[in-house]
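Let me begin by presenting the structure, written as structure tokens, before commenting on it.
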Amino acid sequence: MSENYNIPFWIYLAVVSLFVGGAMKKILAPHLSVGPTLVAWLGATVLVERLWGFCLPAIPLLVLLAAMGCIYSRSRTAQLPNLPAQGKAVFITGCDSGFGNAAAKRLDSLGFEVFATVLNLEGDGARELQRSCSSRLTLLQVDITQPQQVQQALLDTKAKLGLRGLWGLVNNAGVCLNLGDAELTLMSNFRCCMEVNFFGTVSVTKSFLPLVRQAKGRIVNISSPAGEQPFPCLAAYGSSKAALNLFTETLRHELNHWGVRVITILPSSYRTAASSNHAHWDQQNKELLQGLSPELLEDYGEDYVTETKNLFQSFSERASTDFSPVIDTIVQALSSPQPQARYHAGLSLMYFIHSYLPLSLRDRLQKKRFLKKTVMPRALRKKSGLDANGCHSNINTCEEKQNLQ
Ligand SMILES: NC(=O)c1ccc[n+]([C@@H]2O[C@H](COP(=O)([O-])OP(=O)(O)OC[C@H]3O[C@@H](n4cnc5c(N)ncnc54)[C@H](O)[C@@H]3O)[C@@H](O)[C@H]2O)c1
Ligand SMILES: C[C@]12C[C@H](O)[C@H]3[C@@H](CCC4=CC(=O)CC[C@@]43C)[C@@H]1CC[C@@H]2C(=O)CO
């Protein structure tokens with residue numbers, strides 16, 4: 001029976017039955033209580049399921065054809081030449097160091113007209129850009145949390161662009177103030193991450209959008225996998241990046257009919273200024289301990305808090321110092337004739353763990369992969385007679401304890 005149906009016909013039947021089910025529910029719902037409505041909806045669902053049963057053999061073929069179509073269109077797009085850089089202006093935030101500084105240099109070398117913004121015009125990063133880049137590059141001092149500085153940068157950019165629009169806005173500026181359990185993270189840390197990573201980015205985007213719409217250009221937001229996966233001790237940073245991700249996705253849909261492409265880049269872990277500055281993290285850890293209430297400090301213990309900082313520092317020591325996967329991706333997002341909506345820059349094992357493994361397994365791996373905590377909170381040790389490393393006093397080694405779990 002099902003072999004006799006060709007694909008268009010069964011699609012037609014499935015759509016009709018969905019509409020019939022929906023119509024039944026809509027027409028009958030006002031006259032029926034909840035129970036019969038559910039029965040009507042169930043009836044429609046059974047109808048769709050029966051139709052689906054007729055056409056089941058066609059589905060693998062459809063999936064295969066769809067996959068081949070995606071692969072073919074991706075390969076065709078990948079073969080298309082990149083758009084020329086000449087005449088295209090790009091505004092980048094957070095160019096004092098890290099990805100922003102490297103991206104400004106690369107885009108300048110490719111021929112883009114770069115507006116590189118920095119927190120400190122007298123800093124090493126700004127000086128490096130001034131020294132190594134062409135006269136096309138404009139350095140601007142912008143703290144993205146300060147609306148008047150954002151507006152001044154807009155005026156300066158417009159003055160230089162004249163009647164031209166802005167081809168690219170790269171929202172790169174971002175901070176991760178501290179690493180610690182959410183309960184231990186100061187509210188000031190949550191607020192600062194939101195102010196810079198979310199509200200600052202929204203402020204710059206809204207201010208520069210008219211120029212980007214004029215050029216039918218690109219908005220490229222540098223987010224983080226921490227905005228999509230629950231990295232331990234990154235609740236403040238991850239929450240701000242999660243807000244940024246949803247803002248970016250919403251913007252992507254809304255700007256589509258303006259011809260503006262909105263792209264999210266999710267780098268894996270790299271050893272940039274922020275993550276490799278041990279003095280910075282030592283200071284953050286000190287402020288965290290000073291900000292804790294006596295009760296929290298008693299429950300968790302200083303050794304627990306300090307281990308988190310030490311583990312993160314050893315994690316960042318192993319991170320890559322080669323930013324090229326991120327910089328190549330930023331160039332691709334600005335130059336590809338058909339850019340992707342999302343790019344992962346660098347292999348993030350966490351991405352695969354989070355996307356493809358069951359919850360119980362990924363929770364265990366996530367903890368082991370990012371921060372191999374060995375010290376338990378003090379209150380938990382007391383309750384179960386454990387020593388500083390969470391081992392039972394009557395059990396000789398931690399391995400025996402872990403074997404018990
Ligand atoms: N390094 C990584 O492993 C990694 C991974 C994923 C995502 N990211 C993201 O990449 C982006 C760049 O970070 P990075 O790793 O190059 O670190 P970074 O600290 O070297 O660069 C951050 C930049 O943002 C600037 N900045 C901070 N606060 C600002 C503010 N209020 N106004 C304007 N500029 C401000 C800093 O001056 C610096 O230039 C950030 O958004 C970060 O969240 C980094
Ligand atoms: C958040 C940081 C960037 C990045 O986001 C890192 C995170 C450490 C954990 C981690 C592992 C990954 O595989 C994806 C990126 C990421 C989640 C880093 C800690 C400090 C660093 C920064 O401070 C960046 O400004």
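Note on naming: chains are A, B, ... as they come in the structure tokens, residues start from 1 per chain, ligands start from 1 in the order shown.
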Where in stretch 243-358 of chain A does DSSP assign strand (DSSP E or B), given as a PyMOL selection string? chain A and resi 261-267+270+320+342-345
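The neighbours of A:Asn245 here are the residues that come within 8 Å of it, using only C-alpha atoms and leaving out any residue fewer than 6 positions away in the same chain; they are A:Ser223, A:Gly227, A:Thr264.
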Near-A:Val331 list (9 Å; only C-alpha atoms; drop same-chain fewer than 3 positions) as a tab-separated table (two decimals) with all heavy atoms, in the first residue's frame:
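Dumped everything to around-v7.tsv:
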```tsv
chain	number	residue	atom	x	y	z
A	103	ALA	N	42.40	39.95	15.72
A	103	ALA	CA	41.45	40.10	14.59
A	103	ALA	C	41.64	41.45	13.90
A	103	ALA	O	41.60	41.54	12.67
A	103	ALA	CB	40.02	39.95	15.12
A	106	ARG	N	44.61	41.16	11.64
A	106	ARG	CA	44.36	40.32	10.45
A	106	ARG	C	43.45	41.03	9.46
A	106	ARG	O	43.73	41.04	8.24
A	106	ARG	CB	43.74	39.00	10.87
A	106	ARG	CG	43.32	38.14	9.70
A	106	ARG	CD	44.45	37.39	9.08
A	106	ARG	NE	44.82	36.26	9.91
A	106	ARG	CZ	44.16	35.10	9.94
A	106	ARG	NH1	43.10	34.94	9.17
A	106	ARG	NH2	44.54	34.13	10.74
A	107	LEU	N	42.38	41.64	9.94
A	107	LEU	CA	41.44	42.29	9.04
A	107	LEU	C	42.09	43.48	8.35
A	107	LEU	O	41.86	43.73	7.16
A	107	LEU	CB	40.18	42.71	9.81
A	107	LEU	CG	39.33	41.57	10.36
A	107	LEU	CD1	38.26	42.09	11.32
A	107	LEU	CD2	38.68	40.77	9.23
A	326	VAL	N	40.19	30.98	15.71
A	326	VAL	CA	39.16	31.99	16.02
A	326	VAL	C	39.23	33.13	15.00
A	326	VAL	O	38.21	33.58	14.46
A	326	VAL	CB	39.33	32.53	17.45
A	326	VAL	CG1	38.27	33.58	17.76
A	326	VAL	CG2	39.28	31.40	18.47
A	327	ILE	N	40.45	33.57	14.71
A	327	ILE	CA	40.61	34.70	13.78
A	327	ILE	C	40.17	34.30	12.38
A	327	ILE	O	39.47	35.06	11.69
A	327	ILE	CB	42.08	35.20	13.79
A	327	ILE	CG1	42.58	35.45	15.22
A	327	ILE	CG2	42.21	36.45	12.92
A	327	ILE	CD1	41.68	36.28	16.08
A	328	ASP	N	40.52	33.08	11.96
A	328	ASP	CA	40.07	32.59	10.64
A	328	ASP	C	38.54	32.59	10.58
A	328	ASP	O	37.94	32.93	9.56
A	328	ASP	CB	40.58	31.16	10.40
A	328	ASP	CG	42.10	31.10	10.24
A	328	ASP	OD1	42.71	32.18	10.07
A	328	ASP	OD2	42.67	29.99	10.31
A	334	LEU	N	32.87	37.33	8.15
A	334	LEU	CA	32.77	38.65	7.50
A	334	LEU	C	32.90	38.56	5.99
A	334	LEU	O	32.42	39.43	5.26
A	334	LEU	CB	33.86	39.59	8.05
A	334	LEU	CG	33.71	40.05	9.50
A	334	LEU	CD1	34.99	40.72	9.98
A	334	LEU	CD2	32.50	40.99	9.65
A	335	SER	N	33.55	37.50	5.48
A	335	SER	CA	33.89	37.46	4.05
A	335	SER	C	33.13	36.42	3.25
A	335	SER	O	33.04	36.53	2.03
A	335	SER	CB	35.39	37.19	3.89
A	335	SER	OG	36.14	38.12	4.64
A	336	SER	N	32.61	35.39	3.91
A	336	SER	CA	31.92	34.34	3.15
A	336	SER	C	30.64	34.90	2.50
A	336	SER	O	29.90	35.64	3.15
A	336	SER	CB	31.54	33.19	4.09
A	336	SER	OG	30.62	32.33	3.43
```
Residues contacting ligand 1 - anything with an atom at most 8 Å away, using only C-alpha atoms and all ligand atoms - can you give me those as a PyMOL selection string? chain A and resi 93-101+117-120+125+142-146+171-176+195-197+200+222-226+237+241+266-275+319
Write out as a list of chain:residue names which residues come within 9 Å of A:Gln86 when counting only C-alpha atoms, dropping same-chain ones fewer than 5 positions away.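 Here the qualifying residues turn out to be A:Leu110, A:Gly111, A:Phe112, A:Glu113.
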Excluding same-chain residues fewer than 3 positions from A:Leu349, what lies within 9 Å of it counting only C-alpha atoms, as a ChimeraX atom specification? /A:268,352-354,369
Keeping all heavy atoms, export the residues of the selection given above as a compact mmCIF listing (two decimals), in the first residue's frame.
```txt
# COMPACT_ATOMS: atom_id res chain seq x y z
N SER A 268 36.63 27.57 21.51
CA SER A 268 36.92 26.67 22.63
C SER A 268 37.86 27.45 23.57
O SER A 268 37.81 28.67 23.60
CB SER A 268 37.58 25.39 22.11
OG SER A 268 38.76 25.71 21.40
N PHE A 352 30.97 18.20 22.30
CA PHE A 352 30.50 16.85 21.96
C PHE A 352 29.91 16.16 23.20
O PHE A 352 28.88 15.50 23.13
CB PHE A 352 31.66 16.03 21.38
CG PHE A 352 32.12 16.57 20.06
CD1 PHE A 352 33.28 17.33 19.97
CD2 PHE A 352 31.37 16.39 18.91
CE1 PHE A 352 33.69 17.86 18.76
CE2 PHE A 352 31.76 16.92 17.69
CZ PHE A 352 32.94 17.66 17.63
N ILE A 353 30.59 16.35 24.34
CA ILE A 353 30.08 15.74 25.58
C ILE A 353 28.66 16.22 25.83
O ILE A 353 27.74 15.43 26.06
CB ILE A 353 30.99 16.11 26.77
CG1 ILE A 353 32.36 15.42 26.66
CG2 ILE A 353 30.33 15.79 28.10
CD1 ILE A 353 33.39 15.90 27.68
N HIS A 354 28.45 17.52 25.70
CA HIS A 354 27.15 18.10 26.05
C HIS A 354 26.09 17.76 25.01
O HIS A 354 24.92 17.58 25.34
CB HIS A 354 27.27 19.62 26.17
CG HIS A 354 26.01 20.28 26.60
ND1 HIS A 354 25.59 20.32 27.91
CD2 HIS A 354 25.03 20.91 25.89
CE1 HIS A 354 24.44 20.95 28.00
NE2 HIS A 354 24.07 21.32 26.78
N ARG A 369 36.53 16.92 33.09
CA ARG A 369 37.21 17.51 31.93
C ARG A 369 37.69 18.92 32.26
O ARG A 369 38.78 19.33 31.90
CB ARG A 369 36.22 17.55 30.75
CG ARG A 369 36.69 18.32 29.55
CD ARG A 369 37.53 17.49 28.61
NE ARG A 369 37.99 18.33 27.50
CZ ARG A 369 39.13 19.00 27.51
NH1 ARG A 369 39.92 18.94 28.55
NH2 ARG A 369 39.50 19.74 26.48
```
Just the number, please: distance in Å from atom CA of A:Arg261 to atom CA of A:Asn221, one decimal.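 Going from atom CA of A:Arg261 over to atom CA of A:Asn221 covers 11.2 Å.
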Pull the helix (DSSP H, G or I) assignments for stretch 132-283 of chain A out of DSSP run on the backbone, and list those residues as a VMD selection string. chain A and resid 132 147 to 161 187 to 215 225 to 227 235 to 258 273 to 276 278 to 283
Just checking: using only C-alpha atoms, which residue out of A:Leu361, A:Ile263, A:Leu297, A:Leu163 ends up closest to A:Thr329?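 Of the candidates, the smallest distance to A:Thr329 is held by A:Ile263.
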Can you list, as a PyMOL selection string, every protein, DNA or RNA residue that comes within 8 Å of A:Asp108 when you count only C-alpha atoms, leaving out same-chain residues fewer than 3 positions away? chain A and resi 104-105+111-114+133-134+136-137
Residues at most 12 Å from A:Asp282, counting only C-alpha atoms, excluding those fewer than 2 positions away in the same chain, as a ChimeraX atom specification? /A:177-179,275-280,284-289,305-310,312-313
Compare A:Tyr351, A:Tyr356, A:Phe247, A:Phe190 by their minimum atom-to-atom distance to ligand 2, counting only C-alpha atoms and all ligand atoms, and give me the closest one.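 Among the listed residues, A:Tyr351 lies closest to ligand 2.
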Rank A:Pro337, A:Gly165, A:Gly291, A:Gly346 by their smallest atom-to-atom distance to ligand 2, using only C-alpha atoms and all ligand atoms, and report the top residue only.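 The closest residue to ligand 2 is A:Gly346.
Between atom CA of A:Ala242 and atom CA of A:Arg342 there is a distance of 14.0 Å.
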Which of these, A:Ala341, A:Ala236, A:Ala333, A:Val212, has the shortest distance to ligand 2 once you count only C-alpha atoms and all ligand atoms? A:Ala236
Which residue gives the smallest distance to ligand 2 among A:Lys383, A:His344, A:Arg218, A:Arg364, with only C-alpha atoms and all ligand atoms counted? A:His344
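Distances to A:Glu128 were evaluated for A:Gln152, A:Ala102, A:Pro84, A:Gln141 using only C-alpha atoms, and the minimum falls at A:Ala102.
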